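Presented below is the structure to which this report refers.
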Amino acid sequence: MTVYIDPPTWPGHGRMWSHLVSDVSYEELHAFAALIGCPPRAFERDHYDVPSHRYGDAVAAGAVQVSSREVVELLTKAGLRRRKGRPEYGA
């Protein structure tokens, strides 16, 4: 199982956030997220939002550190990218 996480550089709700993604399947992503204690409500379209204080937990559990640009490239290449405002298929 390989999942990826970008640095916590996304502001929101008074903290900084990372994006946790899979380049294989949403099932793999959901399984890893559950393993590190991410609540289902943290899933947004094609990724999990991970607060900065949990970034180290994700990396320690095996998430590969990549840039934000690489997160988008991985999702797009895998066919898992879901953009805002577009219908969601294959959840």
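Ligands are numbered from 1 in the order shown, residues from 1 within each chain, and chains are lettered A, B, ... in the order they appear in the structure tokens.
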### Message
At a cut-off of 10 Å, using only C-alpha atoms, what residues contact Tyr55 of chain A? Leave out same-chain residues fewer than 4 positions from it and give the result as JSON, numbers by chain.
### Response
{"A": [5, 6, 7, 8, 17, 18, 19, 20, 50, 51, 59, 60, 63, 65]}
Save the residues we just selected, N, CA, C and O atoms, as a JSON list (two decimals), in the first residue's frame?
```
[["chain", "number", "residue", "atom", "x", "y", "z"],
["A", 5, "ILE", "N", 1.42, 12.15, 0.62],
["A", 5, "ILE", "CA", 0.97, 13.31, 1.38],
["A", 5, "ILE", "C", 1.83, 14.51, 1.00],
["A", 5, "ILE", "O", 3.05, 14.39, 0.86],
["A", 6, "ASP", "N", 1.17, 15.65, 0.82],
["A", 6, "ASP", "CA", 1.93, 16.87, 0.53],
["A", 6, "ASP", "C", 2.15, 17.64, 1.84],
["A", 6, "ASP", "O", 1.55, 17.32, 2.86],
["A", 7, "PRO", "N", 3.05, 18.62, 1.82],
["A", 7, "PRO", "CA", 3.33, 19.37, 3.05],
["A", 7, "PRO", "C", 2.10, 20.14, 3.53],
["A", 7, "PRO", "O", 1.24, 20.52, 2.72],
["A", 8, "PRO", "N", 2.01, 20.39, 4.83],
["A", 8, "PRO", "CA", 0.87, 21.14, 5.37],
["A", 8, "PRO", "C", 1.00, 22.64, 5.06],
["A", 8, "PRO", "O", 1.44, 23.43, 5.89],
["A", 17, "TRP", "N", -3.05, 22.50, 6.52],
["A", 17, "TRP", "CA", -3.51, 21.17, 6.13],
["A", 17, "TRP", "C", -2.65, 20.56, 5.02],
["A", 17, "TRP", "O", -2.11, 21.28, 4.19],
["A", 18, "SER", "N", -2.62, 19.24, 5.00],
["A", 18, "SER", "CA", -2.00, 18.46, 3.93],
["A", 18, "SER", "C", -3.10, 17.69, 3.21],
["A", 18, "SER", "O", -4.23, 17.57, 3.71],
["A", 19, "HIS", "N", -2.74, 17.14, 2.05],
["A", 19, "HIS", "CA", -3.66, 16.28, 1.30],
["A", 19, "HIS", "C", -3.07, 14.88, 1.23],
["A", 19, "HIS", "O", -1.91, 14.71, 0.84],
["A", 20, "LEU", "N", -3.86, 13.90, 1.60],
["A", 20, "LEU", "CA", -3.47, 12.50, 1.58],
["A", 20, "LEU", "C", -4.18, 11.83, 0.40],
["A", 20, "LEU", "O", -5.41, 11.92, 0.31],
["A", 50, "VAL", "N", -5.59, 16.45, 6.03],
["A", 50, "VAL", "CA", -4.87, 16.03, 7.25],
["A", 50, "VAL", "C", -4.29, 17.27, 7.91],
["A", 50, "VAL", "O", -3.51, 18.00, 7.28],
["A", 51, "PRO", "N", -4.65, 17.55, 9.17],
["A", 51, "PRO", "CA", -4.09, 18.73, 9.84],
["A", 51, "PRO", "C", -2.60, 18.59, 10.09],
["A", 51, "PRO", "O", -2.08, 17.47, 10.22],
["A", 59, "VAL", "N", 3.26, 10.14, 7.85],
["A", 59, "VAL", "CA", 4.57, 9.77, 7.32],
["A", 59, "VAL", "C", 5.13, 8.56, 8.08],
["A", 59, "VAL", "O", 5.64, 7.61, 7.47],
["A", 60, "ALA", "N", 4.99, 8.56, 9.39],
["A", 60, "ALA", "CA", 5.48, 7.43, 10.20],
["A", 60, "ALA", "C", 4.76, 6.13, 9.84],
["A", 60, "ALA", "O", 5.35, 5.04, 9.91],
["A", 63, "ALA", "N", 3.14, 6.98, 4.64],
["A", 63, "ALA", "CA", 2.80, 7.90, 3.56],
["A", 63, "ALA", "C", 4.08, 8.51, 2.98],
["A", 63, "ALA", "O", 4.98, 8.89, 3.72],
["A", 65, "GLN", "N", 6.16, 11.36, 1.22],
["A", 65, "GLN", "CA", 6.11, 12.82, 1.13],
["A", 65, "GLN", "C", 6.36, 13.26, -0.31],
["A", 65, "GLN", "O", 7.37, 12.88, -0.92]]
```
### Message
DSSP on the backbone: which residues in chain A end up as helix (DSSP H, G or I)? Give the answer as a VMD selection string.
### Response
chain A and resid 26 to 35 40 to 42 52 to 60 68 to 78
### Task
Just give me the gap between atom CA of Gly62 of chain A and atom CA of Tyr48 of chain A in Å, one decimal is fine.
15.2 Å
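Computed from the coordinates, the atom CA of Val3 of chain A to atom CA of Ser68 of chain A distance equals 13.5 Å.
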#### Entry: Residues within 9 Å of Thr2 of chain A, only C-alpha atoms, excluding chain neighbours under 5 positions, as a ChimeraX atom specification
/A:22-24,28-29,32,62-64
